[in-house]
>>> print(open('data_21.cif').read())   # mmCIF, C-alpha atoms and all ligand atoms
data_coords
loop_
_atom_site.label_atom_id
_atom_site.label_comp_id
_atom_site.auth_asym_id
_atom_site.auth_seq_id
_atom_site.Cartn_x
_atom_site.Cartn_y
_atom_site.Cartn_z
CA MET A 1 4.07 7.92 -19.40
CA LEU A 2 4.26 4.51 -21.12
CA ASN A 3 7.03 5.46 -23.53
CA GLY A 4 9.88 2.96 -23.13
CA LYS A 5 8.06 0.96 -20.49
CA LYS A 6 8.52 -2.81 -20.63
CA ILE A 7 5.20 -4.60 -20.20
CA VAL A 8 4.59 -8.33 -19.82
CA LEU A 9 1.03 -8.85 -21.03
CA GLY A 10 -0.53 -12.07 -19.74
CA ILE A 11 -3.51 -13.35 -21.74
CA THR A 12 -5.80 -16.13 -20.51
CA GLY A 13 -8.70 -18.16 -21.91
CA SER A 14 -11.58 -15.72 -22.03
CA ILE A 15 -13.64 -14.38 -24.92
CA ALA A 16 -12.29 -10.96 -23.87
CA ALA A 17 -8.90 -12.14 -25.20
CA TYR A 18 -9.86 -10.54 -28.53
CA LYS A 19 -9.58 -7.18 -26.75
CA ALA A 20 -5.96 -7.99 -25.93
CA ALA A 21 -5.11 -7.27 -29.57
CA PHE A 22 -6.44 -3.71 -29.18
CA LEU A 23 -4.63 -3.44 -25.87
CA CYS A 24 -1.35 -4.45 -27.52
CA ARG A 25 -1.83 -1.89 -30.26
CA LEU A 26 -2.60 0.92 -27.81
CA LEU A 27 0.40 0.07 -25.61
CA ILE A 28 2.74 -0.11 -28.62
CA LYS A 29 1.37 3.21 -29.94
CA LYS A 30 2.21 4.77 -26.58
CA GLY A 31 5.81 3.63 -27.01
CA ALA A 32 5.73 0.61 -24.68
CA GLU A 33 7.58 -2.65 -25.38
CA VAL A 34 5.16 -5.57 -24.96
CA GLN A 35 6.01 -9.21 -24.32
CA VAL A 36 2.98 -11.48 -24.47
CA VAL A 37 2.70 -14.58 -22.29
CA ILE A 38 -0.39 -16.59 -23.12
CA THR A 39 -1.96 -19.63 -21.44
CA PRO A 40 -2.87 -22.72 -23.51
CA ALA A 41 -6.57 -21.78 -23.13
CA GLY A 42 -5.80 -18.20 -24.22
CA LYS A 43 -4.51 -19.52 -27.56
CA GLU A 44 -7.98 -20.98 -28.24
CA PHE A 45 -9.35 -17.43 -28.30
CA ILE A 46 -6.61 -15.42 -30.04
CA THR A 47 -3.71 -16.64 -32.13
CA PRO A 48 -0.08 -16.05 -31.17
CA VAL A 49 0.51 -14.94 -34.79
CA THR A 50 -1.79 -11.92 -34.30
CA LEU A 51 -0.07 -11.02 -31.05
CA SER A 52 3.51 -11.52 -32.23
CA THR A 53 2.75 -9.40 -35.32
CA LEU A 54 1.36 -6.59 -33.17
CA THR A 55 4.18 -6.69 -30.59
CA ASN A 56 7.01 -7.59 -32.95
CA LYS A 57 8.12 -10.27 -30.49
CA PRO A 58 7.60 -14.03 -30.33
CA VAL A 59 4.73 -14.92 -28.00
CA VAL A 60 5.70 -17.07 -25.01
CA SER A 61 3.36 -19.87 -23.99
CA ALA A 62 5.27 -23.03 -23.13
CA PHE A 63 8.29 -23.56 -20.89
CA PHE A 64 10.30 -24.78 -23.90
CA ALA A 65 10.13 -23.96 -27.63
CA ALA A 66 8.77 -27.11 -29.32
CA ASN A 67 11.05 -26.83 -32.38
CA ASP A 68 14.50 -26.52 -30.75
CA GLY A 69 13.94 -27.01 -27.02
CA THR A 70 14.99 -23.42 -26.11
CA TRP A 71 14.05 -22.68 -22.51
CA HIS A 72 11.81 -19.65 -21.98
CA SER A 73 12.90 -17.99 -18.77
CA HIS A 74 10.04 -16.75 -16.63
CA VAL A 75 12.68 -15.47 -14.20
CA ASP A 76 14.24 -13.24 -16.89
CA MET A 77 10.81 -11.83 -17.78
CA GLY A 78 10.20 -11.13 -14.09
CA LEU A 79 13.40 -9.09 -13.99
CA TRP A 80 12.89 -7.41 -17.40
CA ALA A 81 9.40 -5.99 -16.88
CA ASP A 82 8.42 -2.57 -15.51
CA VAL A 83 4.94 -3.93 -15.08
CA MET A 84 2.94 -7.13 -15.63
CA LEU A 85 -0.62 -6.79 -16.87
CA ILE A 86 -2.92 -9.82 -16.99
CA ALA A 87 -5.83 -8.96 -19.26
CA PRO A 88 -8.11 -10.78 -19.53
CA ALA A 89 -7.70 -12.70 -16.26
CA THR A 90 -10.09 -15.63 -15.87
CA ALA A 91 -11.38 -16.97 -12.54
CA ALA A 92 -9.08 -20.00 -13.01
CA THR A 93 -5.96 -17.88 -13.48
CA ILE A 94 -6.89 -15.61 -10.57
CA GLY A 95 -7.34 -18.72 -8.40
CA LYS A 96 -3.95 -20.09 -9.46
CA MET A 97 -2.25 -16.75 -8.85
CA ALA A 98 -3.81 -16.50 -5.40
CA ASN A 99 -2.66 -19.98 -4.46
CA GLY A 100 0.66 -20.29 -6.29
CA ILE A 101 -0.42 -23.08 -8.63
CA ALA A 102 2.44 -22.77 -11.10
CA ASP A 103 1.26 -25.11 -13.85
CA ASN A 104 1.76 -22.81 -16.83
CA MET A 105 4.19 -20.21 -18.11
CA LEU A 106 1.95 -17.28 -17.18
CA ILE A 107 1.71 -18.29 -13.53
CA THR A 108 5.45 -19.01 -13.20
CA THR A 109 6.12 -15.59 -14.74
CA TYR A 110 3.69 -14.03 -12.25
CA LEU A 111 5.39 -15.75 -9.33
CA SER A 112 8.82 -14.55 -10.55
CA MET A 113 7.64 -10.99 -11.18
CA LYS A 114 9.59 -8.20 -9.46
CA ALA A 115 7.48 -5.43 -11.03
CA PRO A 116 3.96 -4.32 -10.02
CA VAL A 117 1.19 -6.60 -11.29
CA PHE A 118 -2.17 -5.45 -12.67
CA VAL A 119 -5.08 -7.83 -13.10
CA ALA A 120 -8.12 -7.13 -15.30
CA PRO A 121 -10.69 -9.87 -14.52
CA ALA A 122 -13.10 -11.08 -17.19
CA MET A 123 -15.83 -13.62 -16.45
CA ASP A 124 -19.52 -14.20 -16.08
CA LEU A 125 -21.28 -12.16 -13.39
CA ASP A 126 -21.98 -15.11 -11.08
CA MET A 127 -18.41 -16.37 -11.33
CA TYR A 128 -17.17 -12.88 -10.51
CA ALA A 129 -19.55 -12.49 -7.56
CA HIS A 130 -18.75 -15.96 -6.17
CA PRO A 131 -17.16 -15.78 -2.70
CA SER A 132 -14.23 -17.90 -3.87
CA THR A 133 -13.38 -15.48 -6.72
CA GLN A 134 -13.79 -12.52 -4.38
CA ALA A 135 -11.60 -14.18 -1.74
CA ASN A 136 -8.93 -14.85 -4.38
CA LEU A 137 -9.06 -11.23 -5.55
CA GLU A 138 -8.69 -10.08 -1.93
CA LYS A 139 -5.64 -12.35 -1.65
CA LEU A 140 -4.12 -10.79 -4.76
CA LYS A 141 -4.73 -7.33 -3.31
CA SER A 142 -3.04 -8.41 -0.08
CA TYR A 143 0.00 -9.43 -2.19
CA GLY A 144 0.09 -5.81 -3.45
CA ASN A 145 -1.41 -6.59 -6.89
CA HIS A 146 -3.66 -3.98 -8.49
CA ILE A 147 -7.11 -5.08 -9.58
CA ILE A 148 -8.66 -3.24 -12.52
CA GLU A 149 -12.31 -3.76 -11.65
CA PRO A 150 -14.44 -5.22 -14.45
CA ALA A 151 -17.25 -3.12 -15.86
CA SER A 152 -20.97 -3.94 -15.90
CA GLY A 153 -22.75 -4.68 -19.15
CA PHE A 154 -23.68 -7.42 -21.60
CA LEU A 155 -21.63 -10.58 -21.14
CA ALA A 156 -20.77 -13.37 -23.56
CA SER A 157 -23.25 -15.57 -21.69
CA SER A 158 -25.95 -13.07 -22.83
CA LEU A 159 -26.53 -12.23 -19.18
CA GLU A 160 -26.00 -8.69 -17.97
CA GLY A 161 -23.91 -7.68 -14.96
CA LYS A 162 -20.43 -7.07 -13.57
CA GLY A 163 -17.70 -9.16 -15.15
CA ARG A 164 -16.83 -7.54 -18.50
CA MET A 165 -13.14 -6.86 -18.79
CA GLU A 166 -12.49 -3.13 -18.65
CA GLU A 167 -12.02 -1.54 -22.09
CA PRO A 168 -8.42 -1.37 -23.43
CA GLU A 169 -8.45 2.47 -23.38
CA ALA A 170 -9.43 2.46 -19.69
CA ILE A 171 -6.75 -0.14 -18.86
CA VAL A 172 -4.10 1.96 -20.60
CA ALA A 173 -5.31 5.07 -18.73
CA TYR A 174 -5.06 3.09 -15.47
CA LEU A 175 -1.43 2.19 -16.21
CA GLU A 176 -0.62 5.78 -17.20
CA THR A 177 -2.05 7.10 -13.93
CA PHE A 178 -0.04 4.48 -12.06
CA PHE A 179 3.26 5.51 -13.68
CA GLU A 180 2.42 9.20 -13.21
CA LYS A 181 1.75 8.67 -9.50
CA ASN A 182 4.80 6.47 -9.24
CA GLN A 183 7.05 9.45 -9.81
CA GLN A 184 5.19 11.98 -7.68
CA LEU A 185 7.46 11.51 -4.68
CA SER A 186 10.68 10.53 -6.45
CA LYS A 187 13.76 12.02 -4.79
CA LYS A 188 11.72 12.77 -1.64
CA LYS A 189 12.72 11.42 1.75
CA ILE A 190 9.85 10.79 4.13
CA LEU A 191 9.95 9.85 7.78
CA ILE A 192 6.94 7.84 8.97
CA THR A 193 6.34 6.72 12.55
CA ALA A 194 4.07 3.72 13.10
CA GLY A 195 2.79 1.34 15.74
CA PRO A 196 2.76 1.61 19.51
CA THR A 197 5.62 2.12 21.94
CA TYR A 198 6.34 -0.21 24.86
CA GLU A 199 7.24 1.42 28.15
CA LYS A 200 8.92 -1.21 30.30
CA LEU A 201 7.91 -1.78 33.91
CA ASP A 202 9.89 -4.91 34.67
CA PRO A 203 11.34 -7.77 32.57
CA VAL A 204 7.86 -9.15 31.80
CA ARG A 205 5.51 -6.15 31.73
CA TYR A 206 5.08 -2.93 29.84
CA ILE A 207 2.62 -0.07 29.30
CA SER A 208 1.36 0.29 25.74
CA ASN A 209 -1.75 0.72 23.56
CA TYR A 210 -3.67 -1.14 20.84
CA SER A 211 -1.87 0.23 17.77
CA SER A 212 -1.10 -2.51 15.22
CA GLY A 213 1.00 -0.32 12.92
CA LYS A 214 -1.36 -0.99 9.98
CA MET A 215 -2.11 2.68 9.26
CA GLY A 216 1.54 3.74 9.40
CA PHE A 217 2.70 0.78 7.29
CA ALA A 218 0.00 1.57 4.68
CA LEU A 219 1.33 5.14 4.50
CA ALA A 220 4.88 3.86 4.10
CA GLU A 221 3.75 1.53 1.30
CA VAL A 222 1.91 4.29 -0.58
CA CYS A 223 4.82 6.77 -0.28
CA ALA A 224 7.30 4.12 -1.49
CA GLU A 225 5.00 3.15 -4.39
CA ARG A 226 5.06 6.79 -5.44
CA GLY A 227 8.83 6.82 -5.55
CA ALA A 228 9.80 8.17 -2.11
CA GLU A 229 12.65 6.91 0.01
CA VAL A 230 10.79 6.03 3.19
CA PHE A 231 12.28 5.80 6.68
CA LEU A 232 9.74 3.81 8.67
CA LEU A 233 10.28 4.20 12.37
CA SER A 234 8.26 1.42 13.86
CA GLY A 235 7.31 0.42 17.37
CA PRO A 236 6.86 -3.31 18.11
CA VAL A 237 4.38 -4.69 15.53
CA GLN A 238 3.69 -7.96 13.73
CA LEU A 239 3.89 -6.45 10.23
CA GLN A 240 6.41 -6.61 7.41
CA ALA A 241 7.25 -3.72 5.10
CA LYS A 242 7.15 -5.22 1.62
CA HIS A 243 8.33 -2.40 -0.64
CA GLN A 244 12.03 -2.10 -1.36
CA GLY A 245 11.85 1.70 -1.02
CA ILE A 246 11.15 1.36 2.71
CA LYS A 247 13.99 1.43 5.23
CA ARG A 248 12.61 0.10 8.48
CA ILE A 249 14.04 1.13 11.82
CA ASP A 250 12.64 -0.76 14.79
CA VAL A 251 12.38 0.88 18.19
CA GLU A 252 10.64 -0.09 21.38
CA SER A 253 10.08 2.90 23.64
CA ALA A 254 8.97 6.50 23.08
CA VAL A 255 12.44 7.73 24.07
CA GLU A 256 14.05 5.49 21.43
CA MET A 257 11.52 6.68 18.82
CA TYR A 258 12.20 10.30 19.81
CA GLN A 259 15.97 9.85 19.49
CA ALA A 260 15.72 8.25 16.05
CA ALA A 261 13.09 10.73 14.78
CA THR A 262 15.01 13.84 15.84
CA ARG A 263 18.21 12.41 14.31
CA LEU A 264 16.54 11.60 10.96
CA PHE A 265 14.14 14.52 10.50
CA PRO A 266 16.67 17.25 9.49
CA SER A 267 17.49 15.35 6.27
CA MET A 268 13.82 14.59 5.42
CA ASP A 269 11.41 16.40 3.11
CA ALA A 270 8.43 15.38 5.21
CA GLY A 271 7.40 13.59 8.40
CA ILE A 272 4.15 11.71 8.92
CA LEU A 273 3.65 10.85 12.57
CA CYS A 274 1.19 8.01 12.80
CA ALA A 275 2.64 6.19 15.80
CA ALA A 276 0.58 5.92 18.96
CA VAL A 277 3.37 7.06 21.24
CA ALA A 278 2.88 6.41 24.94
CA ASP A 279 2.62 9.77 26.69
CA TYR A 280 4.09 8.38 29.93
CA ARG A 281 6.70 5.85 31.00
CA PRO A 282 7.34 4.26 34.39
CA ALA A 283 9.72 6.39 36.46
CA SER A 284 11.79 3.31 37.25
CA PHE A 285 12.44 -0.11 35.77
CA ALA A 286 12.42 -3.07 38.17
CA GLU A 287 15.32 -5.40 37.27
CA LYS A 288 13.34 -8.37 38.59
CA LYS A 289 9.66 -9.25 38.08
CA ILE A 290 7.45 -7.23 40.43
CA LYS A 291 5.78 -9.73 42.81
CA ARG A 292 2.21 -9.42 43.99
CA ASN A 293 1.86 -8.91 47.71
CA GLY A 294 -1.86 -8.24 47.98
CA GLU A 295 -1.33 -4.49 48.43
CA ALA A 296 -2.23 -1.77 45.93
CA LEU A 297 0.68 -0.96 43.64
CA HIS A 298 1.36 2.71 42.92
CA LEU A 299 3.24 3.50 39.76
CA GLU A 300 5.00 6.78 39.23
CA LEU A 301 4.90 7.80 35.57
CA LEU A 302 7.08 10.39 33.85
CA PRO A 303 6.02 12.29 30.72
CA ASN A 304 7.63 11.07 27.50
CA PRO A 305 9.10 13.52 25.01
CA ASP A 306 6.55 14.76 22.46
CA ILE A 307 8.08 13.73 19.12
CA ALA A 308 5.59 15.69 17.00
CA ALA A 309 6.10 18.91 18.99
CA SER A 310 9.89 18.53 18.84
CA LEU A 311 9.87 18.01 15.06
CA GLY A 312 7.41 20.93 14.79
CA LYS A 313 10.04 23.15 16.44
CA MET A 314 12.84 21.85 14.17
CA LYS A 315 10.77 22.12 10.98
CA THR A 316 12.09 24.34 8.17
CA GLN A 317 10.00 26.18 5.52
CA ALA A 318 10.83 23.44 3.01
CA GLN A 319 9.60 20.58 5.22
CA VAL A 320 6.07 19.28 5.65
CA LEU A 321 4.93 17.81 8.97
CA VAL A 322 1.78 15.72 9.33
CA GLY A 323 0.40 14.45 12.62
CA PHE A 324 -2.47 12.22 13.62
CA ALA A 325 -5.04 12.78 16.34
CA LEU A 326 -6.77 9.78 17.85
CA GLU A 327 -9.72 11.07 19.83
CA THR A 328 -12.64 9.74 21.83
CA ASP A 329 -14.48 13.03 22.44
CA ASN A 330 -14.43 16.74 21.53
CA GLU A 331 -12.62 15.51 18.43
CA MET A 332 -12.44 18.60 16.27
CA GLN A 333 -11.29 20.96 19.00
CA ASN A 334 -8.66 18.52 20.29
CA ALA A 335 -7.32 17.96 16.76
CA LYS A 336 -7.14 21.73 16.11
CA ASN A 337 -5.27 22.26 19.40
CA LYS A 338 -2.73 19.54 18.50
CA LEU A 339 -2.27 20.97 15.00
CA GLN A 340 -1.40 24.38 16.46
CA LYS A 341 0.55 23.33 19.57
CA LYS A 342 2.77 20.90 17.64
CA ASN A 343 3.25 23.31 14.68
CA LEU A 344 1.96 20.76 12.15
CA ASP A 345 0.96 21.53 8.56
CA PHE A 346 -1.78 18.89 8.54
CA ILE A 347 -3.47 16.72 11.13
CA VAL A 348 -5.35 13.51 10.35
CA LEU A 349 -8.21 13.02 12.78
CA ASN A 350 -9.61 9.56 13.52
CA SER A 351 -12.15 9.00 16.25
CA LEU A 352 -12.95 5.87 18.24
CA GLN A 353 -16.60 7.04 18.09
CA ASP A 354 -16.66 5.97 14.42
CA ALA A 355 -17.21 2.27 13.75
CA GLY A 356 -14.31 0.80 11.78
CA ALA A 357 -11.95 3.68 12.61
CA GLY A 358 -8.72 3.77 14.60
CA PHE A 359 -6.76 0.86 16.07
CA LYS A 360 -6.14 -2.66 14.75
CA GLY A 361 -8.74 -3.05 11.99
CA ASP A 362 -8.10 -2.88 8.25
CA THR A 363 -10.24 0.25 7.81
CA ASN A 364 -10.21 3.84 8.98
CA LYS A 365 -12.38 6.93 8.72
CA ILE A 366 -10.58 10.25 8.78
CA SER A 367 -10.86 14.01 8.47
CA ILE A 368 -7.86 16.09 7.45
CA LEU A 369 -7.39 19.57 8.93
CA THR A 370 -4.88 22.04 7.54
CA ALA A 371 -2.94 24.78 9.34
CA GLN A 372 -4.90 27.25 7.17
CA GLY A 373 -8.21 26.11 8.69
CA GLU A 374 -9.50 23.86 5.90
CA LYS A 375 -11.24 20.60 6.87
CA VAL A 376 -12.12 17.69 4.59
CA ASP A 377 -14.01 14.54 5.67
CA PHE A 378 -13.46 11.15 4.05
CA PRO A 379 -15.69 8.06 4.17
CA LEU A 380 -14.74 4.72 5.78
CA LYS A 381 -12.13 2.99 3.59
CA SER A 382 -9.37 0.41 3.77
CA LYS A 383 -6.24 1.75 5.47
CA LYS A 384 -4.40 1.54 2.13
CA ALA A 385 -7.07 3.69 0.46
CA VAL A 386 -6.98 6.10 3.42
CA ALA A 387 -3.21 6.37 2.98
CA GLU A 388 -3.72 7.16 -0.73
CA ASP A 389 -6.22 9.90 0.23
CA ILE A 390 -3.81 11.42 2.76
CA ILE A 391 -0.92 11.54 0.26
CA ASP A 392 -3.17 12.87 -2.55
CA PHE A 393 -4.45 15.57 -0.18
CA ILE A 394 -0.98 16.65 0.94
CA LEU A 395 0.32 16.70 -2.64
CA SER A 396 -2.63 18.77 -3.86
CA HIS A 397 -1.91 21.31 -1.09
CA ASN A 398 1.83 21.51 -1.77
CA GLU A 399 1.97 22.13 -5.52
O1 LIG B 1 -1.73 1.27 14.11
P1 LIG B 1 -3.19 1.04 13.80
O2 LIG B 1 -3.75 -0.13 14.58
O3 LIG B 1 -3.43 0.92 12.33
O4 LIG B 1 -4.02 2.33 14.30
C1 LIG B 1 -3.82 3.56 13.69
C2 LIG B 1 -3.80 4.69 14.72
C3 LIG B 1 -5.16 4.79 15.39
C4 LIG B 1 -2.72 4.46 15.79
C5 LIG B 1 -3.47 6.02 13.92
O5 LIG B 1 -4.44 6.22 12.96
C6 LIG B 1 -3.38 7.23 14.85
O6 LIG B 1 -4.36 7.88 15.15
N1 LIG B 1 -2.15 7.54 15.33
C7 LIG B 1 -1.89 8.57 16.33
C8 LIG B 1 -2.29 8.06 17.69
C9 LIG B 1 -1.99 9.04 18.78
O7 LIG B 1 -1.17 8.78 19.60
O8 LIG B 1 -2.63 10.18 18.69
P2 LIG B 1 -2.44 11.39 19.76
O9 LIG B 1 -3.63 12.22 19.52
O10 LIG B 1 -2.21 10.88 21.12
O11 LIG B 1 -1.11 12.09 19.28
C10 LIG B 1 -1.11 13.25 18.42
C11 LIG B 1 0.10 13.24 17.50
O12 LIG B 1 1.29 13.42 18.27
C12 LIG B 1 0.30 11.95 16.74
O13 LIG B 1 0.81 12.30 15.47
C13 LIG B 1 1.35 11.20 17.55
O14 LIG B 1 2.14 10.36 16.73
C14 LIG B 1 2.17 12.34 18.09
N2 LIG B 1 2.81 12.08 19.39
C15 LIG B 1 2.07 11.82 20.50
C16 LIG B 1 2.72 11.66 21.72
C17 LIG B 1 4.12 11.75 21.76
N3 LIG B 1 4.77 11.58 22.92
N4 LIG B 1 4.83 12.00 20.66
C18 LIG B 1 4.19 12.16 19.47
O15 LIG B 1 4.85 12.38 18.45
#
>>> encode(input="data_21.cif", output="structure tokens")
Amino acid sequence: MLNGKKIVLGITGSIAAYKAAFLCRLLIKKGAEVQVVITPAGKEFITPVTLSTLTNKPVVSAFFAANDGTWHSHVDMGLWADVMLIAPATAATIGKMANGIADNMLITTYLSMKAPVFVAPAMDLDMYAHPSTQANLEKLKSYGNHIIEPASGFLASSLEGKGRMEEPEAIVAYLETFFEKNQQLSKKKILITAGPTYEKLDPVRYISNYSSGKMGFALAEVCAERGAEVFLLSGPVQLQAKHQGIKRIDVESAVEMYQAATRLFPSMDAGILCAAVADYRPASFAEKKIKRNGEALHLELLPNPDIAASLGKMKTQAQVLVGFALETDNEMQNAKNKLQKKNLDFIVLNSLQDAGAGFKGDTNKISILTAQGEKVDFPLKSKKAVAEDIIDFILSHNE
């Protein structure tokens, strides 16, 4: 999996820097090409000579070569790499990465990086547990960086706890799994619906629901990270799709979403319908703002097209169709009915009875039901982790 991969290895000033030599050796043995970028503090712990000998490349540390003034291009390294791995990553470097403090070559390279970034923290247990370190790590995660959690054990401070950089073998295994997963959906086209729909009443009002789009966008991100070409059909949301493999198509109403979904689906390998589509729309649209006159206002609502059921009818043997069920009661039976009626292969059930599940938040708690009658429950997780579970589950049932 690592054969031929181009890896920028960032090394910072931690005692765990000695492990970077083993890491280099393992990566090179796997056939990777490694370019080391080291911070000034990193050089206090391991010499560039060791690293350049192991990688067969000059180690980059300063913006310019002291002897002849050659400029080291962090931008070129950002374009060259298939992945950037920062191991060990100190609290200081993590803080600079989180806040864009570009005062050394490693941070400028990080800020220029086009490839996925992996961070293996190494520090004392209290530094690691400190809210500021944890907040910085959360920031890095929100930028899409992957954190390779440190292990627990004896630390250089002679204290014991969580903060030891993960072992080189485990870091290499982590990268291998990443590249393996990265290709799982290559050449697949996946349609994902996300967010709410707005059903217009008059120029200032609409009927809608609380969907933020977070769950659908997380699914789009995970599918794209695994190599799929994603068509993200989104209702009005405040989110941005970051991955280049995502083609975003914005719609407003259920009818617009239906038209786009039925047009796209025939050329897709799979559809994942996460949008909270309004079931009804106002029968008429008032061209001017409806004025209050003190009387009750009666709205006539018409049923919207059921996108999931329509795609279920169009579905071929080769296509996979996944729906969601957002329930407040009688959850399992309602989800089973939707699975059957809409001719889905899988349905992801989330219930508003479960704290942290459903709309708006960053977490969800789901069960997945299959058309064959299997049911698997998952614990409360971040929406990104839930999306990973959903894709893993579908892949394991479609081998
Ligand atoms: O966006 P977030 O804030 O992150 O919240 C995520 C979520 C709660 C919206 C998401 O996890 C979810 O449950 N989405 C489906 C919500 C919903 O409308 O469920 P439903 O049970 O009403 O619909 C069943 C299925 O039919 C869904 O796949 C839905 O997309 C689809 N449907 C529904 C109506 C319709 N007219 N067309 C459809 O395709």
>>> closest_residue(input="data_21.cif", among="A:Asn350, A:Glu149, A:Leu191, A:Asp392", to="Leu311 in chain A", atoms="only C-alpha atoms")
A:Leu191
>>> residues_around(input="data_21.cif", residues="range 130-146 of chain A", least_positions_apart="3", cutoff="9 Å", atoms="all atoms listed in the file", output="PyMOL selection string")
chain A and resi 91-92+94-99+116-120+125-127+242
>>> write_last_selection(input="data_21.cif", atoms="C-alpha atoms", output="compact mmCIF listing (two decimals), in the frame of the given file")
# COMPACT_ATOMS: atom_id res chain seq x y z
CA ALA A 91 -11.38 -16.97 -12.54
CA ALA A 92 -9.08 -20.00 -13.01
CA ILE A 94 -6.89 -15.61 -10.57
CA GLY A 95 -7.34 -18.72 -8.40
CA LYS A 96 -3.95 -20.09 -9.46
CA MET A 97 -2.25 -16.75 -8.85
CA ALA A 98 -3.81 -16.50 -5.40
CA ASN A 99 -2.66 -19.98 -4.46
CA PRO A 116 3.96 -4.32 -10.02
CA VAL A 117 1.19 -6.60 -11.29
CA PHE A 118 -2.17 -5.45 -12.67
CA VAL A 119 -5.08 -7.83 -13.10
CA ALA A 120 -8.12 -7.13 -15.30
CA LEU A 125 -21.28 -12.16 -13.39
CA ASP A 126 -21.98 -15.11 -11.08
CA MET A 127 -18.41 -16.37 -11.33
CA LYS A 242 7.15 -5.22 1.62
>>> closest_atom_pairs(input="data_21.cif", of="chain A", to="ligand LIG 1 (chain B)", cutoff="7 Å", atoms="only C-alpha atoms and all ligand atoms", output="CSV")
residue,atom,partner,partner_atom,distance
A:Thr193,CA,B:LIG1,O14,7.0
A:Ala194,CA,B:LIG1,O1,6.4
A:Gly195,CA,B:LIG1,O1,4.8
A:Tyr210,CA,B:LIG1,O2,6.3
A:Ser211,CA,B:LIG1,O2,3.7
A:Ser212,CA,B:LIG1,O2,3.6
A:Gly213,CA,B:LIG1,O1,3.4
A:Lys214,CA,B:LIG1,O3,3.7
A:Met215,CA,B:LIG1,O3,3.8
A:Gly216,CA,B:LIG1,O1,6.2
A:Ala254,CA,B:LIG1,N3,6.6
A:Leu273,CA,B:LIG1,O13,4.3
A:Cys274,CA,B:LIG1,N1,4.2
A:Ala275,CA,B:LIG1,O14,4.3
A:Ala276,CA,B:LIG1,O7,3.4
A:Val277,CA,B:LIG1,C16,4.7
A:Ala278,CA,B:LIG1,N3,5.9
A:Asp279,CA,B:LIG1,N3,4.7
A:Asn304,CA,B:LIG1,N3,5.4
A:Pro305,CA,B:LIG1,N3,5.2
A:Asp306,CA,B:LIG1,N3,3.7
A:Ile307,CA,B:LIG1,O15,3.6
A:Ala308,CA,B:LIG1,O15,3.7
A:Ala309,CA,B:LIG1,O15,6.7
A:Gly323,CA,B:LIG1,O13,3.6
A:Phe324,CA,B:LIG1,O13,3.8
A:Ala325,CA,B:LIG1,O9,3.5
A:Leu326,CA,B:LIG1,O6,4.1
A:Glu327,CA,B:LIG1,O9,6.2
A:Lys338,CA,B:LIG1,C10,6.5
A:Leu349,CA,B:LIG1,O6,6.8
A:Asn350,CA,B:LIG1,O6,5.7
A:Gly358,CA,B:LIG1,C3,3.8
A:Phe359,CA,B:LIG1,O2,3.5
A:Lys360,CA,B:LIG1,O2,3.5
A:Gly361,CA,B:LIG1,O2,6.3
>>> atom_distance(input="data_21.cif", atom1="CA of Pro196 in chain A", atom2="CA of Val251 in chain A")
9.7 Å
>>> closest_atom_pairs(input="data_21.cif", of="range 156-249 of chain A", to="range 257-265 of chain A", cutoff="12 Å", atoms="only C-alpha atoms", output="JSON lines")
{"residue": "A:Lys189", "atom": "CA", "partner": "A:Phe265", "partner_atom": "CA", "distance": 9.4}
{"residue": "A:Ile190", "atom": "CA", "partner": "A:Phe265", "partner_atom": "CA", "distance": 8.5}
{"residue": "A:Leu191", "atom": "CA", "partner": "A:Phe265", "partner_atom": "CA", "distance": 6.8}
{"residue": "A:Ile192", "atom": "CA", "partner": "A:Ala261", "partner_atom": "CA", "distance": 8.9}
{"residue": "A:Thr193", "atom": "CA", "partner": "A:Met257", "partner_atom": "CA", "distance": 8.1}
{"residue": "A:Ala194", "atom": "CA", "partner": "A:Met257", "partner_atom": "CA", "distance": 9.8}
{"residue": "A:Gly195", "atom": "CA", "partner": "A:Met257", "partner_atom": "CA", "distance": 10.7}
{"residue": "A:Pro196", "atom": "CA", "partner": "A:Met257", "partner_atom": "CA", "distance": 10.1}
{"residue": "A:Thr197", "atom": "CA", "partner": "A:Met257", "partner_atom": "CA", "distance": 8.1}
{"residue": "A:Tyr198", "atom": "CA", "partner": "A:Met257", "partner_atom": "CA", "distance": 10.5}
{"residue": "A:Glu199", "atom": "CA", "partner": "A:Met257", "partner_atom": "CA", "distance": 11.5}
{"residue": "A:Val230", "atom": "CA", "partner": "A:Leu264", "partner_atom": "CA", "distance": 11.2}
{"residue": "A:Phe231", "atom": "CA", "partner": "A:Leu264", "partner_atom": "CA", "distance": 8.4}
{"residue": "A:Leu232", "atom": "CA", "partner": "A:Ala261", "partner_atom": "CA", "distance": 9.8}
{"residue": "A:Leu233", "atom": "CA", "partner": "A:Met257", "partner_atom": "CA", "distance": 7.0}
{"residue": "A:Ser234", "atom": "CA", "partner": "A:Met257", "partner_atom": "CA", "distance": 7.9}
{"residue": "A:Gly235", "atom": "CA", "partner": "A:Met257", "partner_atom": "CA", "distance": 7.7}
{"residue": "A:Pro236", "atom": "CA", "partner": "A:Met257", "partner_atom": "CA", "distance": 11.0}
{"residue": "A:Lys247", "atom": "CA", "partner": "A:Leu264", "partner_atom": "CA", "distance": 11.9}
{"residue": "A:Arg248", "atom": "CA", "partner": "A:Ala260", "partner_atom": "CA", "distance": 11.5}
{"residue": "A:Ile249", "atom": "CA", "partner": "A:Ala260", "partner_atom": "CA", "distance": 8.5}
>>> atom_distance(input="data_21.cif", atom1="CA of Ser186 in chain A", atom2="CA of Gly245 in chain A")
10.4 Å
